[in-house]
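File shown: protein_27.txt (compact mmCIF, C-alpha atoms).
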```txt
# COMPACT_ATOMS: atom_id res chain seq x y z
CA MET A 1 -13.51 11.81 21.35
CA ASP A 2 -12.93 11.29 25.09
CA ALA A 3 -9.17 11.06 25.71
CA LEU A 4 -9.59 7.84 27.73
CA LYS A 5 -11.50 6.17 24.89
CA LYS A 6 -9.07 7.20 22.16
CA PRO A 7 -6.83 4.58 20.59
CA GLN A 8 -3.35 5.01 22.01
CA ILE A 9 -0.23 4.53 19.86
CA ILE A 10 2.46 2.87 21.98
CA THR A 11 5.97 2.10 20.68
CA LEU A 12 7.12 -1.34 21.86
CA GLU A 13 10.53 -1.52 20.24
CA THR A 14 12.92 0.68 18.25
CA LYS A 15 15.76 -0.78 16.18
CA SER A 16 18.56 1.26 14.61
CA LEU A 17 19.79 0.12 11.19
CA ASP A 18 23.01 0.62 9.24
CA TYR A 19 21.02 1.15 6.03
CA THR A 20 18.05 3.24 4.84
CA PRO A 21 14.81 1.23 5.08
CA TYR A 22 12.28 1.70 2.26
CA ASP A 23 9.62 -0.90 3.08
CA VAL A 24 8.45 -3.16 5.91
CA LYS A 25 6.03 -6.09 5.70
CA TRP A 26 4.64 -8.53 8.24
CA VAL A 27 5.12 -12.17 7.30
CA PRO A 28 1.55 -13.59 7.26
CA ALA A 29 0.53 -15.90 10.13
CA SER A 30 3.74 -15.31 12.07
CA ALA A 31 5.45 -12.97 14.53
CA ARG A 32 8.05 -12.10 11.89
CA PHE A 33 8.47 -9.08 9.64
CA VAL A 34 10.70 -8.21 6.69
CA VAL A 35 12.68 -4.97 6.26
CA LEU A 36 14.27 -3.96 2.98
CA GLY A 37 16.25 -0.95 1.84
CA GLN A 38 19.58 0.45 0.66
CA HIS A 39 23.10 0.35 2.07
CA ALA A 40 25.28 3.46 1.73
CA ARG A 41 27.29 1.68 -0.99
CA GLY A 42 24.13 1.26 -3.10
CA THR A 43 23.52 -2.43 -2.45
CA GLY A 44 20.23 -3.87 -1.20
CA ALA A 45 19.38 -4.91 2.34
CA LEU A 46 16.88 -7.68 3.16
CA ALA A 47 16.39 -8.55 6.84
CA ILE A 48 13.97 -10.78 8.74
CA TYR A 49 13.04 -10.03 12.35
CA GLU A 50 10.97 -11.95 14.86
CA LEU A 51 9.01 -10.48 17.74
CA GLU A 52 9.70 -12.23 21.03
CA GLN A 53 8.06 -10.86 24.18
CA GLY A 54 7.83 -7.40 22.66
CA LYS A 55 11.43 -7.36 21.41
CA ALA A 56 12.47 -7.56 17.75
CA LYS A 57 15.21 -10.15 17.20
CA LEU A 58 17.17 -10.25 13.93
CA LEU A 59 16.87 -13.75 12.43
CA LYS A 60 18.58 -13.29 9.10
CA SER A 61 19.96 -10.55 6.87
CA SER A 62 21.35 -10.66 3.35
CA GLU A 63 22.88 -8.15 0.97
CA LYS A 64 21.59 -7.90 -2.60
CA PRO A 65 23.34 -6.44 -5.68
CA HIS A 66 20.82 -3.58 -6.03
CA ALA A 67 18.95 -1.42 -3.52
CA LEU A 68 15.46 -2.77 -2.71
CA LYS A 69 12.51 -0.37 -2.82
CA CYS A 70 9.26 -2.26 -2.18
CA ALA A 71 7.79 -5.64 -1.21
CA THR A 72 4.56 -7.66 -1.01
CA PHE A 73 3.37 -11.08 0.16
CA GLY A 74 0.03 -10.60 -1.64
CA ALA A 75 0.57 -13.18 -4.42
CA SER A 76 2.08 -15.91 -2.25
CA THR A 77 0.33 -18.83 -0.57
CA LEU A 78 0.30 -19.14 3.20
CA GLN A 79 2.40 -22.30 2.86
CA ASP A 80 5.17 -20.61 0.81
CA ARG A 81 5.08 -17.05 2.17
CA HIS A 82 7.37 -15.85 -0.61
CA VAL A 83 8.10 -12.12 -0.67
CA ALA A 84 8.09 -10.29 -4.01
CA THR A 85 10.45 -7.29 -4.23
CA GLY A 86 11.17 -4.42 -6.61
CA ASP A 87 14.66 -2.89 -6.87
CA PHE A 88 16.40 0.24 -8.12
CA GLU A 89 17.54 -1.46 -11.35
CA GLY A 90 14.01 -2.37 -12.47
CA ASN A 91 14.10 -6.02 -11.36
CA MET A 92 11.20 -7.82 -9.73
CA ARG A 93 12.39 -10.78 -7.67
CA VAL A 94 10.62 -13.27 -5.43
CA PHE A 95 12.45 -14.74 -2.42
CA ASP A 96 11.83 -17.74 -0.19
CA LEU A 97 12.45 -16.44 3.35
CA GLU A 98 14.07 -19.74 4.36
CA ARG A 99 16.67 -19.35 1.57
CA THR A 100 17.09 -15.69 0.63
CA GLU A 101 20.43 -16.13 -1.16
CA VAL A 102 18.89 -16.85 -4.59
CA PRO A 103 15.45 -15.67 -5.80
CA VAL A 104 12.86 -18.29 -6.77
CA TYR A 105 11.68 -15.93 -9.54
CA SER A 106 13.43 -13.03 -11.23
CA VAL A 107 12.51 -10.78 -14.15
CA LYS A 108 13.77 -7.49 -15.57
CA ALA A 109 10.42 -5.82 -15.06
CA HIS A 110 11.18 -2.18 -15.93
CA GLU A 111 13.77 0.09 -17.52
CA SER A 112 14.11 2.08 -14.30
CA ILE A 113 13.51 1.81 -10.54
CA VAL A 114 10.48 -0.20 -9.39
CA ASN A 115 8.77 2.35 -7.14
CA CYS A 116 5.85 0.25 -5.96
CA ILE A 117 4.45 -3.28 -5.86
CA ASP A 118 1.30 -5.10 -4.78
CA GLY A 119 0.02 -8.67 -4.92
CA ALA A 120 -3.29 -10.50 -5.11
CA GLY A 121 -4.55 -14.06 -5.43
CA GLY A 122 -2.48 -15.30 -2.50
CA VAL A 123 -2.60 -14.54 1.23
CA GLY A 124 -5.87 -12.82 2.16
CA VAL A 125 -7.24 -12.77 -1.42
CA HIS A 126 -7.97 -16.31 -2.52
CA ALA A 127 -9.97 -15.41 -5.64
CA GLY A 128 -8.29 -15.12 -9.02
CA PRO A 129 -4.77 -15.98 -10.19
CA PRO A 130 -1.68 -15.09 -8.12
CA GLU A 131 -0.57 -11.80 -9.66
CA ILE A 132 1.92 -9.05 -8.85
CA VAL A 133 1.63 -5.46 -10.10
CA THR A 134 4.65 -3.15 -10.38
CA GLY A 135 4.93 0.57 -11.12
CA SER A 136 8.09 2.33 -12.25
CA ARG A 137 9.81 5.60 -13.03
CA ASP A 138 9.67 4.48 -16.68
CA GLY A 139 5.94 5.38 -16.60
CA THR A 140 4.61 1.84 -17.02
CA VAL A 141 2.50 -0.32 -14.73
CA LYS A 142 2.85 -4.07 -15.34
CA VAL A 143 0.97 -7.10 -14.05
CA TRP A 144 2.91 -10.36 -13.59
CA ASP A 145 1.95 -13.97 -13.02
CA VAL A 146 4.92 -15.74 -11.41
CA ARG A 147 3.85 -18.97 -13.11
CA GLN A 148 4.61 -17.29 -16.44
CA LYS A 149 8.28 -16.55 -17.05
CA ASP A 150 9.62 -13.20 -18.34
CA LYS A 151 6.43 -11.82 -19.89
CA PRO A 152 3.85 -9.63 -18.11
CA VAL A 153 0.17 -10.52 -18.44
CA ALA A 154 -0.71 -6.82 -18.79
CA VAL A 155 1.19 -3.60 -19.56
CA ILE A 156 -0.28 -0.17 -18.88
CA SER A 157 1.76 2.47 -20.70
CA PRO A 158 1.33 6.19 -21.42
CA ALA A 159 -0.74 6.81 -24.57
CA GLU A 160 1.18 7.70 -27.72
CA GLY A 161 2.36 11.29 -27.51
CA GLU A 162 1.56 11.45 -23.78
CA LYS A 163 4.35 12.53 -21.43
CA THR A 164 5.86 9.73 -19.34
CA ARG A 165 4.92 10.13 -15.67
CA ASP A 166 6.61 8.42 -12.76
CA ALA A 167 4.25 5.74 -11.32
CA TRP A 168 4.62 6.15 -7.56
CA THR A 169 2.00 3.76 -6.18
CA VAL A 170 -0.13 0.78 -7.25
CA ALA A 171 -2.86 -1.32 -5.61
CA PHE A 172 -5.08 -4.26 -6.52
CA GLY A 173 -8.81 -4.25 -5.74
CA ASN A 174 -12.24 -5.64 -6.66
CA SER A 175 -10.87 -9.21 -6.60
CA TYR A 176 -14.09 -10.75 -5.26
CA ASN A 177 -14.27 -13.68 -7.71
CA ASN A 178 -12.00 -15.49 -10.18
CA GLU A 179 -12.67 -13.06 -13.05
CA GLU A 180 -12.88 -9.56 -11.59
CA ARG A 181 -9.81 -7.53 -10.62
CA VAL A 182 -8.73 -3.90 -10.96
CA VAL A 183 -5.45 -2.03 -10.59
CA CYS A 184 -5.30 1.53 -9.28
CA ALA A 185 -2.16 3.55 -10.04
CA GLY A 186 -1.05 6.96 -8.75
CA TYR A 187 1.45 9.16 -10.58
CA GLU A 188 3.85 12.02 -9.82
CA ASN A 189 1.64 14.61 -11.56
CA GLY A 190 -1.44 13.78 -9.45
CA ASP A 191 -3.09 11.39 -11.91
CA VAL A 192 -5.06 8.50 -10.42
CA LYS A 193 -6.04 5.81 -12.93
CA LEU A 194 -8.24 2.75 -12.42
CA PHE A 195 -7.78 -0.15 -14.84
CA ASP A 196 -10.07 -3.16 -15.29
CA LEU A 197 -7.90 -6.26 -15.83
CA LYS A 198 -10.87 -8.33 -17.04
CA THR A 199 -11.69 -6.03 -19.98
CA MET A 200 -8.18 -4.48 -20.19
CA SER A 201 -9.68 -0.99 -20.20
CA LEU A 202 -9.45 2.29 -18.28
CA LEU A 203 -12.43 2.45 -15.90
CA TRP A 204 -11.88 5.89 -14.41
CA GLU A 205 -9.29 8.61 -13.97
CA THR A 206 -8.95 11.82 -11.99
CA ASN A 207 -6.25 14.25 -10.95
CA THR A 208 -5.51 15.31 -7.36
CA LYS A 209 -3.27 18.22 -8.49
CA ASN A 210 -0.35 16.87 -6.42
CA GLY A 211 1.92 13.83 -6.66
CA VAL A 212 0.16 10.68 -5.44
CA CYS A 213 2.22 8.91 -2.76
CA SER A 214 -0.06 6.02 -1.84
CA VAL A 215 -3.33 4.40 -2.92
CA GLU A 216 -5.15 1.56 -1.18
CA PHE A 217 -8.59 -0.07 -1.29
CA ASP A 218 -10.09 -0.82 2.11
CA ARG A 219 -10.20 -4.50 1.08
CA LYS A 220 -8.91 -6.23 -2.06
CA ASP A 221 -11.22 -9.26 -1.89
CA ILE A 222 -14.63 -7.53 -2.02
CA GLN A 223 -16.43 -5.46 -4.63
CA MET A 224 -14.81 -2.02 -4.71
CA ASN A 225 -15.96 -0.16 -1.62
CA LYS A 226 -13.56 2.63 -0.62
CA LEU A 227 -10.28 3.93 -2.01
CA VAL A 228 -7.87 6.21 -0.14
CA VAL A 229 -5.47 8.41 -2.15
CA THR A 230 -2.66 10.33 -0.38
CA SER A 231 -0.50 13.10 -1.81
CA VAL A 232 2.64 15.18 -1.29
CA GLU A 233 0.67 18.29 -0.37
CA SER A 234 -0.47 17.18 3.09
CA SER A 235 -3.89 15.90 2.04
CA PHE A 236 -5.73 12.69 1.20
CA GLN A 237 -9.08 11.75 -0.31
CA VAL A 238 -11.44 8.87 0.45
CA TYR A 239 -13.53 7.82 -2.56
CA ASP A 240 -16.78 5.85 -2.27
CA MET A 241 -16.27 3.29 -5.07
CA ARG A 242 -19.74 1.73 -5.00
CA THR A 243 -21.51 4.27 -7.22
CA LYS A 244 -19.98 5.92 -10.27
CA HIS A 245 -21.78 8.87 -11.85
CA PRO A 246 -21.17 9.24 -15.63
CA THR A 247 -20.13 12.90 -15.21
CA HIS A 248 -19.06 13.38 -11.59
CA GLY A 249 -17.35 10.01 -11.13
CA TYR A 250 -17.00 8.73 -7.57
CA ALA A 251 -18.02 10.79 -4.53
CA ASN A 252 -15.12 11.70 -2.25
CA VAL A 253 -14.21 13.51 0.93
CA SER A 254 -10.87 15.27 1.43
CA GLN A 255 -8.83 15.73 4.60
CA ARG A 256 -5.73 17.78 5.30
CA ASN A 257 -2.86 16.63 7.46
CA ARG A 258 -2.55 18.61 10.68
CA ASP A 259 1.20 19.12 10.26
CA ASN A 260 1.12 20.24 6.58
CA THR A 261 3.61 17.60 5.43
CA THR A 262 3.54 14.87 2.80
CA VAL A 263 1.15 11.96 3.50
CA TRP A 264 3.56 9.15 2.66
CA THR A 265 1.38 6.08 3.04
CA VAL A 266 -2.08 4.76 3.92
CA ARG A 267 -2.87 1.34 5.37
CA HIS A 268 -6.30 0.01 6.35
CA LEU A 269 -6.64 -2.07 9.50
CA PRO A 270 -7.14 -5.69 8.26
CA GLN A 271 -9.63 -6.44 11.05
CA ASN A 272 -11.76 -3.31 10.46
CA ARG A 273 -11.75 -1.77 6.99
CA ASP A 274 -13.24 1.55 8.21
CA ILE A 275 -10.13 2.34 10.29
CA PHE A 276 -6.91 3.37 8.54
CA VAL A 277 -3.58 4.95 9.37
CA THR A 278 -1.59 7.55 7.43
CA SER A 279 2.08 8.36 7.96
CA SER A 280 3.48 11.83 7.45
CA GLY A 281 6.64 13.74 6.62
CA SER A 282 6.87 15.01 10.20
CA GLY A 283 7.37 11.49 11.58
CA SER A 284 3.82 11.13 12.87
CA LEU A 285 1.11 8.49 12.52
CA ASN A 286 -2.56 9.48 12.23
CA VAL A 287 -5.35 6.98 12.95
CA TYR A 288 -8.66 7.76 11.24
CA LYS A 289 -12.13 6.26 11.08
CA TYR A 290 -14.41 6.60 8.06
CA ASN A 291 -18.07 7.10 8.96
CA TYR A 292 -20.63 6.21 6.30
CA PRO A 293 -23.48 8.62 5.49
CA SER A 294 -27.07 7.62 6.25
CA LYS A 295 -27.57 7.07 2.51
CA ARG A 296 -24.68 6.18 0.18
CA VAL A 297 -26.61 6.93 -3.02
CA LYS A 298 -28.67 9.92 -4.12
CA GLN A 299 -30.17 11.05 -7.39
CA ASP A 300 -28.46 13.78 -9.38
CA PRO A 301 -31.13 16.51 -9.75
CA THR A 302 -29.79 17.40 -13.22
CA ASP A 303 -29.74 14.08 -15.06
CA LYS A 304 -31.67 11.88 -12.55
CA LYS A 305 -28.82 9.37 -12.47
CA ASP A 306 -27.49 7.78 -9.27
CA MET A 307 -24.47 9.39 -7.65
CA GLY A 308 -22.51 8.46 -4.55
CA VAL A 309 -22.56 10.29 -1.23
CA ALA A 310 -19.28 10.62 0.66
CA GLY A 311 -19.06 9.98 4.37
CA THR A 312 -16.99 11.80 7.00
CA ILE A 313 -13.46 11.25 8.34
CA GLU A 314 -12.82 11.23 12.09
CA LEU A 315 -9.31 11.57 13.54
CA LEU A 316 -9.08 9.04 16.37
CA ASN A 317 -5.55 9.95 17.45
CA ASN A 318 -2.13 10.95 16.22
CA ALA A 319 1.38 10.76 17.61
CA THR A 320 4.85 11.89 16.52
CA LEU A 321 7.07 8.82 16.76
CA ALA A 322 10.06 9.53 14.52
CA GLU A 323 12.33 12.47 13.72
CA GLN A 324 12.17 11.91 9.95
CA PRO A 325 9.34 11.01 7.53
CA ILE A 326 7.70 7.63 8.12
CA SER A 327 7.90 6.16 4.63
CA ALA A 328 6.52 2.65 5.19
CA PHE A 329 3.94 1.09 7.51
CA ASP A 330 2.29 -2.31 7.84
CA TRP A 331 -0.40 -3.72 10.13
CA SER A 332 -0.08 -7.25 11.44
CA PRO A 333 -2.73 -9.34 9.63
CA ASP A 334 -3.06 -11.57 12.70
CA LYS A 335 -3.03 -9.35 15.82
CA THR A 336 -5.30 -6.31 15.83
CA GLY A 337 -3.38 -3.06 16.33
CA LEU A 338 0.12 -4.51 16.10
CA CYS A 339 2.18 -2.65 13.49
CA VAL A 340 5.69 -2.04 12.20
CA PHE A 341 6.95 1.08 10.44
CA SER A 342 10.18 2.55 9.16
CA ALA A 343 11.47 6.10 8.87
CA PHE A 344 14.32 7.91 7.16
CA ASP A 345 16.08 8.26 10.53
CA GLN A 346 17.32 4.71 9.78
CA GLN A 347 15.15 3.14 12.45
CA ILE A 348 12.30 0.65 12.46
CA ARG A 349 9.70 0.64 15.19
CA VAL A 350 7.18 -1.91 16.37
CA ALA A 351 4.09 -0.41 17.97
CA ILE A 352 0.62 -1.32 19.19
CA VAL A 353 -2.49 0.79 18.64
CA THR A 354 -5.00 0.09 21.42
CA LYS A 355 -8.80 0.27 21.58
CA LEU A 356 -9.42 -0.51 17.92
CA SER A 357 -12.06 -3.19 18.47
```
Taking this structure as input, can you express it in the form of structure tokens?
Amino acid sequence: MDALKKPQIITLETKSLDYTPYDVKWVPASARFVVLGQHARGTGALAIYELEQGKAKLLKSSEKPHALKCATFGASTLQDRHVATGDFEGNMRVFDLERTEVPVYSVKAHESIVNCIDGAGGVGVHAGPPEIVTGSRDGTVKVWDVRQKDKPVAVISPAEGEKTRDAWTVAFGNSYNNEERVVCAGYENGDVKLFDLKTMSLLWETNTKNGVCSVEFDRKDIQMNKLVVTSVESSFQVYDMRTKHPTHGYANVSQRNRDNTTVWTVRHLPQNRDIFVTSSGSGSLNVYKYNYPSKRVKQDPTDKKDMGVAGTIELLNNATLAEQPISAFDWSPDKTGLCVFSAFDQQIRVAIVTKLS
């Protein structure tokens, strides 16, 4: 791609923190974002910032009893904009950003740290009930409805006799009407499992051979289209989820990171689902575009059944922006290209990626 036409990644603001940030999330329909993490003494940090003329201003910060690992607004309405969080003690708590002192919902979700969380049925996905999915070191993935106290609506556990694997990442998808919804989970041993919440069954599984750091569908509110899976061994796969072959599963294309470091996270651009960003262990961001093939389905010459055809991945640009791994990233749902990300150098950065339209 011509250098002048490439998307440019420009840092607008850098903020140093006195704690380690683990997740960042834009507050929907606002210029605010939430940062959460861990103080040196083991307590949790929850801070709200607002962007004013390109500068991030701290509005509010509060300390929680336990370190906070992950967050989502996915199950909240636009009116409430409640953030759901997972902490190091296995608790899942939902906070009102106007009053963060006491959670509006709290449950002991897991026996160990809540590694990952996602939401659906709220902001951006209006179909189906408001649900939150959590994954933990205890090997379970649980689905919660905040209208139902204490008890999960679904529990996905290792089969009897199966070794417990750390669940590192979870994502909702296929929520295109009030009945359909799936959960994808990635595990430390490279397992990727897709569960149908309507039939409470395992739809598909594969193994990437390396720990799965992040999974995300290109959109939650449409029929499954694409799924990106990133791993610790500097690679990621894009799966075409429209056609599943009974033997070969879903077609996929694999890409290696240029710097040979862990691909920590993947996030699709809300305004264009074919563009996504990955963050790496070297402190860099990589912006990619997925190009569809001329035909997405072909016939398997052996059994004459339909099988998917993977597209190609194009690197639009990359930039090293931090000195430590970038562990969390979020696009603004309202302004194309605006993003916030955090790294283990105890800094958060607000940036803009240009020429994405």
Checklist entry - For A:Cys213, which residue among A:Ser327, A:Ser284, A:Ser157, A:Asn260 is the nearest when counting only C-alpha atoms? => result A:Ser327
Next on the checklist: Give me, as JSON, numbers by chain, all polymer residues having an atom no more than 7 Å from stretch 113-122 of chain A, counting only C-alpha atoms and skipping those fewer than 2 positions away in the same chain.
Outcome noted: {"A": [69, 70, 71, 72, 73, 74, 75, 76, 77, 86, 87, 88, 89, 90, 110, 124, 125, 126, 127, 128, 129, 130, 131, 132, 133, 134, 135, 136, 137, 168, 169, 170, 171, 172]}
Next on the checklist: Please report the interatomic distance between atom CA of A:Lys244 and atom CA of A:Tyr292 in Å with one decimal.
Outcome noted: 16.6 Å
Checklist entry - Between A:Ile222, A:Leu17, A:Leu202, A:Val215, which one has atoms that come closest to A:Phe236, using only C-alpha atoms? => result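 So, comparing all the options, the nearest one is A:Val215.
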As JSON, please report the centre and edge lengths, rounded to one decimal in Å, of the axis-aligned box that holds all listed atoms of stretch 29-44 of chain A with 5 Å of padding on each of the six sides.
```
{"center_x": 13.9, "center_y": -6.2, "center_z": 5.7, "size_x": 36.8, "size_y": 29.4, "size_z": 27.6}
```
Next on the checklist: Could you list, as a ChimeraX atom specification, every residue within 8 Å of A:Ser279, counting all atoms listed in the file and ignoring same-chain residues fewer than 5 positions away?
Outcome noted: /A:263-266,284-286,325-329
Checklist entry - Interatomic distance between atom CA of A:Met241 and atom CA of A:Asp334? => result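 Calculated distance between atom CA of A:Met241 and atom CA of A:Asp334 is 26.7 Å.
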Item to check | Distance query stretch 147-154 of chain A at most 12 Å, all atoms listed in the file, self and fewer than 5 positions along chain excluded, as a ChimeraX atom specification | outcome: /A:75-76,91-94,104-110,129-134,140-142,182-183,195-201
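Proximity of A:Asp240, A:Leu356, A:Arg256, A:Lys305 to A:Phe276, computed with only C-alpha atoms, is greatest for A:Leu356.
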Item to check | A:Tyr290 environment, 6 Å, only C-alpha atoms, sequence neighbours closer than 5 positions dropped, as a ChimeraX atom specification | outcome: /A:274,312-313
With C-alpha atoms retained, export the selected residues as a compact mmCIF listing (two decimals), in the coordinates of the input.
```
# COMPACT_ATOMS: atom_id res chain seq x y z
CA ASP A 274 -13.24 1.55 8.21
CA THR A 312 -16.99 11.80 7.00
CA ILE A 313 -13.46 11.25 8.34
```
Item to check | Distance criterion (all atoms listed in the file): nearest to A:Arg242 out of A:Ala322, A:Val155, A:Val228, A:Met307 | outcome: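 Distance minimum relative to A:Arg242 lands on A:Met307.
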Env of A:Thr262: 6 Å cut, atoms = only C-alpha atoms, seq-sep filter 6 positions within chain, self excluded. Answer as a JSON list (two decimals) with C-alpha atoms, in the frame of the given file.
```
[["chain", "number", "residue", "atom", "x", "y", "z"],
["A", 232, "VAL", "CA", 2.64, 15.18, -1.29],
["A", 233, "GLU", "CA", 0.67, 18.29, -0.37],
["A", 234, "SER", "CA", -0.47, 17.18, 3.09],
["A", 280, "SER", "CA", 3.48, 11.83, 7.45],
["A", 281, "GLY", "CA", 6.64, 13.74, 6.62]]
```
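For the set A:Pro28, A:Pro103, A:Pro65, A:Pro158, the residue with the smallest atom-to-atom gap to A:Gly139 is A:Pro158, counting only C-alpha atoms.
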Checklist entry - What does the distance from atom CA of A:Thr208 to atom CA of A:Ser231 come to in Å, to one decimal? => result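 Distance reported for this atom pair: 7.8 Å.
Nearest-residue note for A:Ala351: choosing from A:Met224, A:Ala31, A:Val102, A:Leu338, the minimum distance belongs to A:Leu338, counting only C-alpha atoms.
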